[in-house]
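J.: This one is final_23.cif, mmCIF, C-alpha atoms.
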```
data_structure
loop_
_atom_site.label_atom_id
_atom_site.label_comp_id
_atom_site.auth_asym_id
_atom_site.auth_seq_id
_atom_site.Cartn_x
_atom_site.Cartn_y
_atom_site.Cartn_z
CA MET A 1 107.55 38.75 51.28
CA LYS A 2 105.60 41.87 50.58
CA SER A 3 104.82 44.35 53.37
CA TRP A 4 105.91 42.25 56.29
CA TRP A 5 106.07 45.07 58.83
CA TRP A 6 102.52 44.70 60.17
CA LYS A 7 103.16 41.04 60.87
CA ALA A 8 106.17 41.99 62.98
CA VAL A 9 104.07 44.63 64.72
CA GLY A 10 101.47 41.96 65.58
CA VAL A 11 104.06 39.61 67.03
CA LEU A 12 105.78 42.39 69.00
CA LEU A 13 102.45 43.55 70.41
CA LEU A 14 101.66 40.02 71.59
CA LEU A 15 105.12 39.72 73.09
CA TYR A 16 104.45 42.91 75.05
CA VAL A 17 101.03 41.57 76.09
CA VAL A 18 102.46 38.29 77.38
CA ILE A 19 105.27 39.96 79.31
CA VAL A 20 103.40 42.90 80.82
CA GLY A 21 100.07 41.05 81.05
CA LEU A 22 101.50 38.19 83.05
CA HIS A 23 104.16 40.06 84.98
CA THR A 24 102.22 43.02 86.39
CA PRO A 25 101.19 42.26 89.97
CA LEU A 26 97.64 42.31 91.21
CA ALA A 27 96.76 45.09 93.63
CA PRO A 28 96.63 43.96 97.27
CA ALA A 29 93.07 43.24 98.36
CA LEU A 30 90.99 41.83 101.18
CA VAL A 31 89.38 38.63 99.99
CA HIS A 32 87.79 36.94 102.97
CA VAL A 33 86.54 37.58 106.50
CA SER A 34 85.94 34.80 109.02
CA GLU A 35 82.68 36.33 110.28
CA ASP A 36 79.89 37.70 108.14
CA LYS A 37 77.72 39.07 110.94
CA LEU A 38 78.78 41.61 113.55
CA SER A 39 76.47 41.86 116.55
CA PRO A 40 77.05 44.57 119.16
CA GLY A 41 79.84 43.59 121.52
CA ARG A 42 83.34 42.24 121.07
CA ALA A 43 84.05 40.72 117.70
CA ASP A 44 87.17 38.84 116.69
CA VAL A 45 87.59 38.65 112.92
CA LEU A 46 90.23 36.93 110.85
CA VAL A 47 90.82 38.82 107.59
CA THR A 48 92.46 37.12 104.61
CA GLY A 49 94.32 39.28 102.13
CA TYR A 50 95.76 38.68 98.69
CA ASN A 51 99.16 40.15 97.75
CA THR A 52 99.09 41.98 101.06
CA ARG A 53 102.07 42.52 103.36
CA PHE A 54 100.37 42.88 106.71
CA THR A 55 103.52 42.04 108.70
CA ALA A 56 105.54 44.79 107.01
CA ASP A 57 103.96 47.55 109.07
CA ALA A 58 101.29 48.03 111.72
CA PRO A 59 97.98 47.87 109.83
CA GLN A 60 95.01 49.91 110.95
CA ALA A 61 91.46 48.68 110.51
CA TRP A 62 88.03 50.20 110.79
CA LEU A 63 84.41 49.65 109.91
CA GLU A 64 82.51 52.02 107.70
CA ASN A 65 78.75 52.19 107.91
CA ASP A 66 76.90 55.07 106.29
CA ASP A 67 79.86 57.44 106.67
CA GLN A 68 80.26 56.54 110.34
CA PHE A 69 83.43 54.82 111.44
CA VAL A 70 84.31 52.25 114.11
CA CYS A 71 88.02 51.78 114.64
CA ALA A 72 89.33 48.33 115.54
CA THR A 73 90.58 47.95 119.09
CA SER A 74 93.44 45.90 117.70
CA ALA A 75 94.76 44.67 114.37
CA THR A 76 97.44 42.02 114.56
CA ALA A 77 99.22 40.61 111.54
CA GLU A 78 99.55 36.83 111.84
CA ARG A 79 100.97 36.40 108.39
CA ASP A 80 101.46 38.62 105.36
CA ASP A 81 98.02 37.58 104.15
CA ARG A 82 96.29 37.19 107.48
CA LEU A 83 95.17 39.88 109.90
CA ARG A 84 93.32 39.38 113.18
CA VAL A 85 91.07 42.35 113.86
CA VAL A 86 89.14 42.92 117.09
CA PHE A 87 86.21 45.32 117.16
CA ASP A 88 84.09 46.64 119.96
CA VAL A 89 80.95 46.80 117.84
CA PRO A 90 78.47 49.47 118.91
CA ALA A 91 74.72 49.13 118.49
CA GLY A 92 72.73 51.42 116.23
CA MET A 93 74.63 51.51 112.95
CA ARG A 94 72.28 52.81 110.26
CA ARG A 95 72.96 50.48 107.36
CA ASP A 96 72.45 46.74 106.99
CA LEU A 97 75.96 46.21 105.68
CA SER A 98 79.28 47.60 106.84
CA HIS A 99 82.49 47.88 104.83
CA LEU A 100 85.76 46.72 106.30
CA VAL A 101 88.70 48.99 105.61
CA VAL A 102 92.33 48.14 106.29
CA ARG A 103 95.18 50.59 105.96
CA SER A 104 98.46 48.80 105.32
CA ASN A 105 101.77 49.95 103.81
CA GLY A 106 100.25 53.26 102.75
CA ARG A 107 97.41 51.55 100.86
CA THR A 108 93.73 51.62 101.73
CA LEU A 109 92.08 48.24 101.17
CA VAL A 110 88.30 48.06 101.23
CA PHE A 111 86.17 44.94 101.59
CA HIS A 112 82.76 46.20 100.50
CA ASP A 113 79.71 45.00 102.43
CA ALA A 114 81.88 42.70 104.51
CA PHE A 115 79.56 42.38 107.50
CA TRP A 116 75.87 42.17 108.07
CA ASN A 117 74.70 44.34 110.91
CA PRO A 118 71.71 42.77 112.72
CA ALA A 119 71.23 45.67 115.20
CA LYS A 120 70.21 48.58 113.00
CA GLY A 121 69.50 51.92 114.65
CA ASP A 122 69.65 55.67 114.19
CA GLY A 123 73.38 55.95 114.09
CA ILE A 124 76.16 55.55 116.60
CA ALA A 125 77.42 58.08 119.08
CA GLY A 126 80.85 59.52 118.36
CA THR A 127 83.41 56.74 118.55
CA GLY A 128 86.35 59.10 118.26
CA CYS A 129 87.46 57.20 115.21
CA THR A 130 88.86 59.20 112.33
CA PRO A 131 90.37 57.11 109.57
CA PRO A 132 93.75 58.22 108.25
CA GLU A 133 93.89 60.29 105.10
CA GLU A 134 94.13 58.46 101.83
CA ASP A 135 97.21 59.03 99.77
CA SER A 136 97.32 58.85 96.02
CA ALA A 137 100.48 56.85 95.36
CA GLU A 138 100.08 55.36 91.89
CA VAL A 139 101.44 51.85 91.38
CA PHE A 140 101.26 49.98 88.08
CA GLU A 141 99.17 46.96 88.92
CA PHE A 142 95.93 45.27 87.89
CA PRO A 143 92.81 45.52 90.07
CA ASP A 144 91.86 42.54 92.23
CA ARG A 145 88.16 41.94 91.58
CA SER A 146 86.15 39.50 93.62
CA VAL A 147 86.02 35.98 92.15
CA LEU A 148 88.41 37.01 89.37
CA TYR A 149 91.76 37.30 91.16
CA GLU A 150 94.60 36.58 88.71
CA THR A 151 92.15 35.45 86.04
CA ILE A 152 91.58 39.12 85.20
CA ARG A 153 94.62 38.55 82.94
CA ASN A 154 92.47 36.28 80.77
CA LEU A 155 91.03 39.52 79.47
CA PHE A 156 94.05 39.65 77.13
CA PHE A 157 93.65 36.07 75.89
CA HIS A 158 89.90 35.53 75.74
CA VAL A 159 88.18 38.76 74.69
CA PRO A 160 90.53 39.54 71.74
CA MET A 161 89.74 36.07 70.31
CA TRP A 162 86.18 37.23 69.72
CA PHE A 163 87.30 40.64 68.42
CA THR A 164 89.58 38.89 65.94
CA MET A 165 86.84 36.44 64.99
CA MET A 166 84.40 39.31 64.32
CA TRP A 167 87.06 41.18 62.34
CA LEU A 168 87.75 38.13 60.15
CA MET A 169 84.04 37.54 59.61
CA THR A 170 83.76 41.18 58.52
CA VAL A 171 86.63 40.62 56.06
CA SER A 172 84.80 37.53 54.84
CA LEU A 173 81.57 39.50 54.34
CA PHE A 174 83.46 42.11 52.31
CA HIS A 175 84.88 39.44 50.01
CA SER A 176 81.52 37.69 49.75
CA LEU A 177 79.92 40.92 48.56
CA ARG A 178 82.69 41.31 45.98
CA THR A 179 82.19 37.70 44.91
CA LEU A 180 78.59 38.51 44.11
CA ARG A 181 79.49 41.73 42.32
CA ASP A 182 82.48 40.51 40.27
CA ASN A 183 81.83 36.77 40.00
CA ASP A 184 85.46 36.36 41.02
CA LEU A 185 86.60 33.03 42.47
CA GLU A 186 89.63 34.66 44.08
CA GLN A 187 87.21 36.73 46.18
CA ASP A 188 85.38 33.55 47.09
CA ARG A 189 88.64 31.93 48.21
CA ALA A 190 89.36 34.99 50.35
CA ALA A 191 85.91 34.73 51.94
CA VAL A 192 86.25 31.06 52.85
CA SER A 193 89.81 31.55 54.13
CA ALA A 194 88.60 34.31 56.43
CA VAL A 195 85.80 32.10 57.77
CA ASN A 196 88.28 29.24 58.33
CA THR A 197 90.58 31.48 60.33
CA GLY A 198 87.66 33.14 62.11
CA LEU A 199 86.45 29.72 63.25
CA LEU A 200 89.87 28.99 64.76
CA PHE A 201 89.46 32.10 66.89
CA ALA A 202 85.85 31.19 67.70
CA PHE A 203 86.97 27.82 69.04
CA LEU A 204 89.77 29.45 71.02
CA GLY A 205 87.23 31.95 72.38
CA LEU A 206 84.81 29.20 73.39
CA THR A 207 87.49 27.09 75.08
CA THR A 208 89.19 29.93 76.92
CA GLY A 209 85.81 31.30 77.98
CA SER A 210 84.80 27.90 79.29
CA ILE A 211 87.95 27.60 81.38
CA TRP A 212 87.45 31.11 82.71
CA ALA A 213 83.81 30.35 83.57
CA ARG A 214 84.82 27.19 85.44
CA ASN A 215 87.19 29.22 87.60
CA THR A 216 84.91 32.15 88.33
CA TRP A 217 81.29 31.04 87.94
CA GLY A 218 82.05 27.44 88.91
CA THR A 219 80.78 25.80 85.74
CA TRP A 220 82.22 25.00 82.31
CA TRP A 221 79.07 26.14 80.57
CA THR A 222 75.85 27.80 81.60
CA SER A 223 72.74 28.61 79.64
CA ASP A 224 73.50 32.28 79.24
CA PRO A 225 72.44 34.36 76.21
CA GLN A 226 76.01 35.45 75.51
CA LEU A 227 77.44 31.92 75.75
CA ASN A 228 74.68 30.24 73.79
CA GLY A 229 74.85 33.03 71.23
CA ALA A 230 78.58 32.43 70.76
CA ALA A 231 77.96 28.71 70.31
CA ALA A 232 75.13 29.38 67.84
CA VAL A 233 77.31 31.73 65.77
CA THR A 234 80.10 29.15 65.67
CA LEU A 235 77.61 26.55 64.41
CA ILE A 236 76.22 28.98 61.81
CA TYR A 237 79.71 29.47 60.37
CA LEU A 238 80.42 25.75 60.51
CA ALA A 239 77.25 25.32 58.46
CA TYR A 240 78.76 27.75 55.92
CA LEU A 241 81.61 25.26 55.40
CA VAL A 242 79.17 22.34 55.20
CA LEU A 243 77.12 24.24 52.61
CA ARG A 244 80.23 24.84 50.50
CA GLY A 245 81.16 21.20 50.72
CA SER A 246 77.76 20.13 49.45
CA VAL A 247 77.95 22.04 46.13
CA ASN A 248 80.42 20.85 43.51
CA GLU A 249 79.93 23.42 40.80
CA MET A 250 82.41 26.23 41.53
CA ASP A 251 80.43 29.25 40.33
CA LYS A 252 77.25 28.09 41.99
CA ARG A 253 79.12 27.32 45.19
CA SER A 254 80.76 30.73 45.38
CA ARG A 255 77.47 32.61 44.90
CA LEU A 256 75.45 30.42 47.24
CA ALA A 257 78.14 30.66 49.93
CA ALA A 258 78.36 34.43 49.50
CA ILE A 259 74.61 34.85 50.00
CA TYR A 260 74.60 32.55 53.02
CA ASN A 261 77.54 34.51 54.43
CA ILE A 262 75.52 37.73 54.40
CA PHE A 263 72.81 36.09 56.51
CA ALA A 264 75.40 34.50 58.79
CA TYR A 265 76.96 37.90 59.43
CA ALA A 266 73.60 39.45 60.24
CA LEU A 267 72.89 36.63 62.69
CA MET A 268 76.30 37.10 64.31
CA ILE A 269 75.54 40.76 64.95
CA VAL A 270 72.17 39.82 66.45
CA PHE A 271 73.59 37.05 68.65
CA PHE A 272 76.64 39.00 69.81
CA MET A 273 75.51 42.60 70.02
CA VAL A 274 71.74 42.63 70.38
CA LEU A 275 70.26 39.60 72.16
CA PRO A 276 72.58 39.47 75.20
CA ARG A 277 71.87 43.12 75.90
CA LEU A 278 68.12 42.59 75.89
CA THR A 279 68.14 39.93 78.59
CA ASP A 280 70.04 39.29 81.78
CA SER A 281 73.47 37.84 81.37
CA LEU A 282 76.27 36.79 83.66
CA HIS A 283 78.77 37.91 81.10
CA PRO A 284 80.42 41.32 81.70
CA GLY A 285 79.21 44.05 79.40
CA LYS A 286 75.93 42.30 78.72
CA GLY A 287 72.49 42.35 80.32
CA GLY A 288 72.45 44.16 83.62
CA ASN A 289 76.15 43.63 84.19
CA PRO A 290 78.67 46.44 84.02
CA ALA A 291 80.86 46.39 80.95
CA PHE A 292 84.56 45.90 81.46
CA SER A 293 84.88 49.21 79.70
CA LYS A 294 82.78 51.02 82.27
CA TYR A 295 84.69 50.80 85.51
CA ASP A 296 86.10 47.29 85.57
CA LEU A 297 88.52 48.09 82.80
CA ASP A 298 90.80 50.54 84.54
CA HIS A 299 93.53 52.37 82.70
CA HIS A 300 96.22 49.88 83.70
CA LEU A 301 94.28 47.03 82.11
CA ARG A 302 93.67 49.18 79.06
CA THR A 303 97.39 49.68 78.43
CA VAL A 304 97.62 45.92 77.87
CA PHE A 305 94.13 45.18 76.57
CA TYR A 306 94.23 47.48 73.53
CA PRO A 307 97.62 46.19 72.35
CA ALA A 308 96.28 42.67 72.90
CA VAL A 309 93.30 43.32 70.62
CA ALA A 310 95.53 44.94 67.97
CA GLY A 311 98.12 42.17 68.22
CA TRP A 312 95.60 39.33 67.92
CA VAL A 313 93.78 41.04 65.05
CA LEU A 314 97.07 41.47 63.17
CA VAL A 315 98.19 37.88 63.79
CA GLY A 316 94.70 36.65 62.86
CA THR A 317 94.89 38.61 59.61
CA TRP A 318 98.29 37.10 58.94
CA LEU A 319 96.96 33.56 59.43
CA TYR A 320 94.09 34.43 57.09
CA THR A 321 96.40 35.66 54.33
CA LEU A 322 98.52 32.50 54.62
CA ARG A 323 95.43 30.34 54.22
CA ARG A 324 94.24 32.45 51.31
CA ARG A 325 97.58 32.18 49.49
CA ALA A 326 97.67 28.42 49.98
CA ARG A 327 94.14 28.18 48.58
CA ARG A 328 95.14 30.21 45.55
CA ILE A 329 97.99 27.84 44.72
CA GLU A 330 95.66 24.90 45.30
CA ALA A 331 93.12 26.37 42.87
CA TRP A 332 95.83 26.96 40.29
CA LEU A 333 97.00 23.34 40.57
CA ASP A 334 93.39 22.17 40.26
CA ASP A 335 92.91 24.26 37.11
CA GLU A 336 96.11 22.89 35.64
CA ALA A 337 95.01 19.34 36.39
CA HIS A 338 91.68 19.89 34.67
CA ALA A 339 93.17 21.65 31.69
CA MET B 340 94.32 14.48 146.73
CA MET B 341 95.09 18.19 146.50
CA LYS B 342 97.84 17.39 144.02
CA HIS B 343 95.35 15.54 141.87
CA MET B 344 92.89 18.42 142.10
CA HIS B 345 95.58 20.80 140.87
CA LYS B 346 96.37 18.54 137.99
CA LEU B 347 92.72 18.17 137.13
CA ALA B 348 92.15 21.91 137.29
CA ALA B 349 95.20 22.53 135.14
CA ALA B 350 94.06 19.97 132.59
CA ALA B 351 90.55 21.41 132.53
CA THR B 352 91.86 24.94 132.10
CA GLY B 353 94.22 23.73 129.42
CA ALA B 354 91.41 21.99 127.61
CA LEU B 355 89.17 25.05 127.87
CA LEU B 356 91.92 27.33 126.68
CA SER B 357 92.77 25.10 123.78
CA VAL B 358 89.10 24.98 122.78
CA ARG B 359 88.97 28.75 123.00
CA THR B 360 92.07 29.28 120.90
CA PHE B 361 90.82 26.73 118.41
CA ALA B 362 87.48 28.47 118.14
CA SER B 363 88.88 31.94 117.83
CA SER B 364 91.61 31.06 115.37
CA ALA B 365 88.96 29.63 113.02
CA ALA B 366 91.62 28.08 110.81
CA PRO B 367 90.72 28.76 107.18
CA ASP B 368 89.76 25.61 105.34
CA TRP B 369 91.61 24.22 102.34
CA VAL B 370 89.43 26.09 99.85
CA GLU B 371 90.52 29.35 101.39
CA GLU B 372 94.14 28.24 101.54
CA THR B 373 94.36 27.07 97.94
CA PHE B 374 92.08 29.58 96.23
CA TYR B 375 93.05 32.68 98.11
CA ARG B 376 96.76 31.96 98.13
CA SER B 377 97.14 30.82 94.52
CA GLY B 378 94.84 33.55 93.23
CA LYS B 379 93.52 31.16 90.53
CA ILE B 380 96.69 31.64 88.49
CA ASN B 381 96.19 28.12 87.11
CA ALA B 382 93.19 29.34 85.13
CA VAL B 383 95.41 31.90 83.39
CA ILE B 384 98.05 29.27 82.62
CA ALA B 385 95.34 26.97 81.22
CA VAL B 386 93.91 29.72 79.01
CA VAL B 387 97.32 30.73 77.60
CA THR B 388 98.13 27.05 77.01
CA VAL B 389 94.88 26.51 75.12
CA VAL B 390 95.55 29.52 72.89
CA LEU B 391 99.10 28.36 72.10
CA LEU B 392 97.97 24.78 71.46
CA GLY B 393 95.20 26.05 69.17
CA LEU B 394 97.68 28.09 67.14
CA ALA B 395 100.11 25.16 67.04
CA LEU B 396 97.39 22.84 65.77
CA TRP B 397 96.51 25.37 63.09
CA MET B 398 100.15 25.61 62.00
CA PHE B 399 100.50 21.83 61.81
CA ARG B 400 97.42 21.66 59.62
CA SER B 401 98.77 24.45 57.37
CA ASP B 402 102.06 22.61 57.21
CA ARG B 403 100.36 19.41 56.01
CA ARG B 404 98.32 21.39 53.52
CA LEU B 405 101.41 22.99 52.03
CA ALA B 406 103.19 19.63 51.95
CA ARG B 407 100.29 18.27 49.91
CA LEU B 408 100.56 21.18 47.49
CA GLU B 409 104.31 20.72 47.17
CA LYS B 410 103.78 17.05 46.41
CA ARG B 411 101.28 17.84 43.67
CA MET B 412 103.61 20.47 42.27
CA ASN B 413 106.53 18.05 42.19
CA GLU B 414 104.41 15.40 40.51
CA ARG B 415 103.36 17.89 37.87
CA SER B 416 106.89 19.05 37.13
CA LYS B 417 108.00 15.41 36.84
CA GLY B 418 105.08 14.31 34.67
#
```
Please re-express this file's structure in structure tokens.

T.:
Amino acid sequence: MKSWWWKAVGVLLLLYVVIVGLHTPLAPALVHVSEDKLSPGRADVLVTGYNTRFTADAPQAWLENDDQFVCATSATAERDDRLRVVFDVPAGMRRDLSHLVVRSNGRTLVFHDAFWNPAKGDGIAGTGCTPPEEDSAEVFEFPDRSVLYETIRNLFFHVPMWFTMMWLMTVSLFHSLRTLRDNDLEQDRAAVSAVNTGLLFAFLGLTTGSIWARNTWGTWWTSDPQLNGAAAVTLIYLAYLVLRGSVNEMDKRSRLAAIYNIFAYALMIVFFMVLPRLTDSLHPGKGGNPAFSKYDLDHHLRTVFYPAVAGWVLVGTWLYTLRRRARRIEAWLDDEAHA
Amino acid sequence: MMKHMHKLAAAATGALLSVRTFASSAAPDWVEETFYRSGKINAVIAVVTVVLLGLALWMFRSDRRLARLEKRMNERSKG
């Protein structure tokens, strides 16, 4: 077994990804408020938290509207994830939407644009409310984004599938170009093995993406440029296999497949990198949506995401080499049979 | 009569109070309970399961492929 070390590195990286990626807790967050409109007067709001420990201390709560603050008259923990907050809402807040902020166990939790304010004005008179200072205690945890919750961990099991797929298709393109240059059937076998393995990762990417979409967007599939592009690319590479199957003559097959592969690769780049960025897309990183790499991908996620990409690429490469070696033996046996 | 009035008043107050507490507690519905408390962890389990099943399927197919090759090899060495 020649140079096995990178295979071990791939497996160890994935082991790290599974352990740290699934074990790291999600940051506490406010996920729901029982009222979405706060009119002037007394307001009684039930706040739902996730991973919060409201009963562990006496939480403080306040509203934030255009840098003006309204402190809650009371904040009572009913459960670790449930807080009853009572406000005496003043009239005249400047903005349409107010943030809800809860300070609990030394953490500041913000529910952005939690309440609609129907009584806009020129600002409120001093409420004597000064929120406590924020501390900067750093805890290793993943961010809790709205609609994502725990599914933010799918970042390590969905996105690297497509990275690996694109890597294997690049490997395939390289071998296709060499097939054309050298007329070498071994290069052709490498190219088709890489496409085979790449398609495995494409199917895994499609399925995991579909499950993720169902749990965040509420649908298994939606007509989105990124999603349809991924499906189109998968079909284009399936057609590569169909094309190979339809030509019996080995030399002709290898050259035809190599030329098709160049076009397939170009289309993949267009469908993955260009088209989704030109139009609107639900998918993060595409269209008008912020990329995970911009601010969604914080440095805690990165410490697992990069190893995940490296690990999946290495394991994908390993699977590809296994397929390629099997194909080589197959070809040798075929040659022997014909001879 | 007075006794009855007291009872009636008590019952009415009780009913009013219970309505009030019910209204103000605004018990979260099941969606809130299940989604917010589970944090959609099932979606992560499903995704990891799919990935592992996909790899397993791939390995089974490779296994069968190699078995076929071994068979051909054995036939050749015999014949």

J.: Dump as a list in words all residues having an atom at most 9 Å from (106.8, 47.4, 92.6), computed in the file's coordinates with all atoms listed in the file.

T.: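 In the file's frame, the residues around the point are Thr24, Pro25, Val139, Phe140 and Glu141 of chain A.
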
J.: Now that the selection is made, can you save its residues with C-alpha atoms as a CSV table (one decimal), keeping the file's coordinate frame?

T.:
```
chain,number,residue,atom,x,y,z
A,24,THR,CA,102.2,43.0,86.4
A,25,PRO,CA,101.2,42.3,90.0
A,139,VAL,CA,101.4,51.8,91.4
A,140,PHE,CA,101.3,50.0,88.1
A,141,GLU,CA,99.2,47.0,88.9
```

J.: Output the residue selection produced by the PyMOL selection byres ((chain B and resi 380) around 10) on the file above, formatted as a list in words.

T.: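 Those residues are Leu22, Leu148, Tyr149, Glu150, Thr151, Ile152, Arg153, Asn154 and Asn215 of chain A; Phe374, Arg376, Ser377, Gly378, Lys379, Asn381, Ala382, Val383, Ile384 and Ala385 of chain B.
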
J.: Run the PyMOL selection byres ((chain A) within 10 of (chain B)) on the file and write out the hits as a ChimeraX atom specification.

T.: /A:18,22,26,30-35,44-46,48-51,81,84,144,147-158,161,197,200-201,203-205,207-216,319,322-323,326-327,329-330,333-334,336-337

J.: Just the number, please: distance in Å from CA of Thr164 in chain A to CA of Lys252 in chain A, one decimal.

T.: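 About the pair CA of Thr164 in chain A and CA of Lys252 in chain A: they are 29.0 Å apart.
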
J.: Can you tell me how far CA of Ala191 in chain A sits from CA of Val270 in chain A, in Å to one decimal?

T.: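 Value for the CA of Ala191 in chain A-CA of Val270 in chain A distance: 20.6 Å.
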
J.: What does the PyMOL selection byres ((chain A and resi 115) around 6) select in this file, as a PyMOL selection string?

T.: chain A and resi 36-37+97-98+113-114+116

J.: Identify which of the residues A:Gly41, A:Gly21, A:Pro276, A:Pro90 lies closest to Ala308 in chain A, counting all atoms listed in the file when measuring atom-to-atom distances.

T.: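 Looking at the shortest contact to Ala308 in chain A, the residue is A:Gly21.
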
J.: So how far away is CA of Thr130 in chain A from CA of Ser74 in chain A, in Å?

T.: 15.1 Å
